Structures are given as structure tokens and as C-alpha cells.
Amino acid sequence: MKIRHVHNGVFTPIDDINLTLTPPADGFYWIDADVDDLVVLQPHFGLHDLAVEDCQNEEEQRPKLEVYDSHYFLVINSIRFDNEEIFLRALNIFLGRHYLVTVTRQKINELRAIKPVLWEQEVNTADRFMYHLVDLVVDNYFVVGDRIEARIEQLEEDILMHTKKSHLNEIISLRSEILWLKKVLGPQRDVIAVLNKKDLRLIDDQLQKYFVDIHENAIKIYETFETYRDLMANLREAYQSSVANRANEIMRVFTALTTIFMPLTFITGVYGMNFDYIPGMHDSYGSIILLGIMIGLGFGMFYFFRKKDWL
């Protein structure tokens with residue numbers, strides 16, 4: 001657990017947690033904690049039992065906002081895209097009048113990226129800290145969205161150039177992750193809308209209006225991933241069409257080769273009969289002439305098929 005006093009974006013480490021009980025003369029306190037630290041933080045700040053239980057629950061939590069008497073409890077999901085897999089990590093935020101507590105199970109990049117933003121904006125209140133943190137989380141979805149879009153385009157190019165069986169597994173895997181992520185984006189979009197519309201006394205009225213911009217970005221992200229879902233469906237159709245075209249191409253080659261060998265098979269069949277007299281059979285150059293005719297006939301049919309673009 002790390003405790004910091006934040007004043008105009010400047011961080012000052014605090015060792016004694018008891019100092020956070022009293023509002024500072026300027027600024028606010030930011031406590032960056034793990035789930036295990038809630039044992040100390042709950043009685044210290046009077047955090048609600050249900051909110052603490054949600055943090056301790058190992059099951060995935062839906063984004064939500066819960067309003068209690070002395071604090072708010074906000075759950076949003078940070079996103080990562082590593083090794084072609086999408087990871088969501090819950091960011092639990094307790095907002096009080098003079099403090100803000102962030103509780104996470106894993107490391108979240110936005111908590112590290114927030115420091116220069118607070119210093120640049122000279123943040124001096126806990127609600128403004130929460131605004132910039134939520135803004136960073138939502139903006140990161142655009143970065144991940146761009147990477148997913150690039151992956152879809154690369155996958156489409158690979159399928160059109162050279163289709164492989166592994167492409168279908170990639171399509172199914174990526175599509176399922178996009179659908180799963182889309183289910184999360186809906187509630188998260190709604191929670192951000194509540195931050196703008198609901199009467200929240202711990203958030204400054206002027207600051208609350210800025211959540212409109214974050215809400216618009218959340219809507220854009222939701223619509224973007226809706227588009228990605230449609231693109232994955234089109235990509236699957238392209239894969240199936242490519243496989244069908246490849247099978248048709250193979251069958252066309254086999255059919256042409258079969259057609260070429262049909263007259264050759266007929267000729268060898270005739271000369272394999274047990275008749276006393278077959279034209280050229282007793283000629284000293286008969287076999288050479290026959291082989292020449294068969295080779296010429298085969299190449300002639302091959303040239304004809306190539307000219308007709310059948311091969």
C-alpha cells in the first residue's frame with residue numbers, strides 16, 4: 001500500500017495512514033492499495049461492506065457506480081492486448097471528500113501513466129484525479145482498438161494471399177474475445193453516463209460536465225467494437241470463400257489432367273488388346289511414332305486448356 005499526499009499534481013509520500021483521517025490543508029490523499037490492504041482500509045475510512053466484498057471477489061465484476069453516505073465506489077475495466085489476447089483488469093475506486101483509494105489485483109498501466117497528467121494539470125482534488133484516471137482508461141481502448149483493427153487487416157491479407165487452417169482458429173478466437181469485450185463495454189458506457197447525469201455531491205458540478213466527453217468516447221469505442229464484430233463475420237466468410245475457391249481450383253486442375261489422360265488411356269487400351277493386327281504394331285518405328293503422337297496429343301490439350309484459361 002502506497003499513500004501519497006497530492007497537491008497541485010505534486011506527490012508527497014506519507015508513512016502514517018492515520019494522517020489521512022484528517023483532510024489536508026491543500027490537496028488530497030491517494031492510497032494505491034492491493035486487495036489485502038482492505039482489511040486496514042475498510043475500518044479506517046468506513047468503506048461499505050458490499051463494496052469491499054466486490055473488491056475481494058475473484059469473479060469478474062461488471063462496471064458500476066455505487067453511492068454511499070461518505071464515499072462512492074466505482075468499478076471500471078482497464079484493457080490490455082498482449083500476444084494477440086485481450087485482458088481486462090478491474091480498477092476499483094473509492095472516492096471520498098479528501099481521499100481517493102484505488103484497489104487492484106494486477107498492475108494497471110493507467111495508474112503509472114496518471115502521474116505526469118496530474119502534474120501537468122496541477123490536480124488538487126480527488127474528483128479531478130478520478131476524472132483523469134477514467135479518461136486514461138477509456139482512451140486506452142482506442143489504442144487497443146487500433147491494434148485489433150491492424151490485426152484484422154493483417155489476417156484478411158494473409159487469408160487472401162495464402163489461406164491456412166490456422167486462420168480459422170485465429171478468426172474464431174479473436175471474434176469470441178471481441179464479443180466478450182463488447183458485453184463489458186455496454187455497462188461501462190452506462191456507468192460513465194451516470195457520472196455525467198446523476199447528482200453526485202462528491203464531484204464538482206463544473207467537473208461533472210467534462211464526463212460528457214468521456215461518455216462520447218465510450219460510445220465511439222462501443223460502436224467501433226460493434227464494427228469489429230461485423231468485420232470478423234466478413235473475415236470468416238472470406239476464409240470460407242477462399243477455401244471453397246481453392247478446392248474448386250484443385251478440382252479444376254484434376255479434371256483437366258484427367259481429360260488430358262483420357263485419350264492417352266484410350267490409345268494404350270487399344271494397343272493393349274490381343275488382336276493379331278494393330279496398325280503400326282509390327283513396324284520398327286511404330287512404338288516411337290505412337291509415343292510421339294501421345295506426347296503431342298497431351299501437350300496439345302494442355303496448351304489448349306491454358307489458352308482457354310482452364311488451367
# chains A, B, ... in the order shown; residues from 1 in each chain; ligands from 1
>>> select_by_dssp(residues="segment 139-288 of chain A", states="alpha helix (DSSP H)", output="VMD selection string")
chain A and resid 139 to 161 165 to 197 205 to 208 211 to 270 286 to 288
>>> select_by_dssp(residues="segment 88-230 of chain A", states="strand (DSSP E or B)", output="list in words")
Leu88, Arg89, Ala90, Leu91, Asn92, Ile93, Phe94, Leu95, Tyr99, Leu100, Val101, Thr102, Val103 and Thr104 of chain A
>>> write_last_selection(atoms="N, CA, C and O atoms", output="short mmCIF file (atom, residue, chain, number, x, y, z; two decimals), in the first residue's frame")
data_model
loop_
_atom_site.label_atom_id
_atom_site.label_comp_id
_atom_site.auth_asym_id
_atom_site.auth_seq_id
_atom_site.Cartn_x
_atom_site.Cartn_y
_atom_site.Cartn_z
N LEU A 88 -8.77 -7.90 -19.49
CA LEU A 88 -9.46 -6.85 -18.75
C LEU A 88 -9.07 -6.97 -17.28
O LEU A 88 -9.10 -8.07 -16.71
N ARG A 89 -8.73 -5.85 -16.69
CA ARG A 89 -8.34 -5.84 -15.29
C ARG A 89 -9.18 -4.81 -14.54
O ARG A 89 -9.21 -3.64 -14.93
N ALA A 90 -9.83 -5.26 -13.50
CA ALA A 90 -10.75 -4.40 -12.76
C ALA A 90 -9.98 -3.33 -11.99
O ALA A 90 -8.99 -3.62 -11.31
N LEU A 91 -10.45 -2.09 -12.11
CA LEU A 91 -9.91 -0.97 -11.35
C LEU A 91 -11.01 -0.49 -10.41
O LEU A 91 -12.03 0.06 -10.84
N ASN A 92 -10.81 -0.73 -9.12
CA ASN A 92 -11.79 -0.34 -8.09
C ASN A 92 -11.36 0.99 -7.48
O ASN A 92 -10.23 1.15 -7.05
N ILE A 93 -12.31 1.92 -7.44
CA ILE A 93 -12.01 3.27 -6.96
C ILE A 93 -12.99 3.65 -5.85
O ILE A 93 -14.21 3.56 -6.04
N PHE A 94 -12.44 4.06 -4.71
CA PHE A 94 -13.24 4.63 -3.62
C PHE A 94 -12.97 6.13 -3.60
O PHE A 94 -11.82 6.55 -3.38
N LEU A 95 -14.00 6.91 -3.82
CA LEU A 95 -13.86 8.36 -3.84
C LEU A 95 -14.48 8.97 -2.60
O LEU A 95 -15.69 8.80 -2.35
N TYR A 99 -10.03 12.10 -0.12
CA TYR A 99 -9.15 10.96 -0.43
C TYR A 99 -9.69 10.20 -1.63
O TYR A 99 -10.87 10.29 -2.00
N LEU A 100 -8.79 9.44 -2.21
CA LEU A 100 -9.16 8.51 -3.27
C LEU A 100 -8.34 7.25 -3.10
O LEU A 100 -7.12 7.30 -2.97
N VAL A 101 -9.03 6.11 -3.07
CA VAL A 101 -8.39 4.82 -2.89
C VAL A 101 -8.57 4.00 -4.16
O VAL A 101 -9.69 3.83 -4.65
N THR A 102 -7.48 3.53 -4.72
CA THR A 102 -7.53 2.62 -5.87
C THR A 102 -7.10 1.24 -5.41
O THR A 102 -6.07 1.08 -4.76
N VAL A 103 -7.91 0.24 -5.76
CA VAL A 103 -7.64 -1.13 -5.35
C VAL A 103 -7.58 -2.00 -6.61
O VAL A 103 -8.53 -2.02 -7.40
N THR A 104 -6.49 -2.71 -6.78
CA THR A 104 -6.31 -3.57 -7.96
C THR A 104 -5.69 -4.91 -7.55
O THR A 104 -5.03 -5.00 -6.52
#
>>> atom_distance(atom1="atom CA of Leu74 of chain A", atom2="atom CA of Asp205 of chain A")
18.0 Å
>>> atom_distance(atom1="atom CA of Leu47 of chain A", atom2="atom CA of Leu21 of chain A")
12.9 Å
>>> residues_around(residues="segment 240-243 of chain A", least_positions_apart="3", cutoff="8 Å", atoms="only C-alpha atoms", output="JSON, numbers by chain")
{"A": [159, 160, 163, 236, 237, 246, 247]}
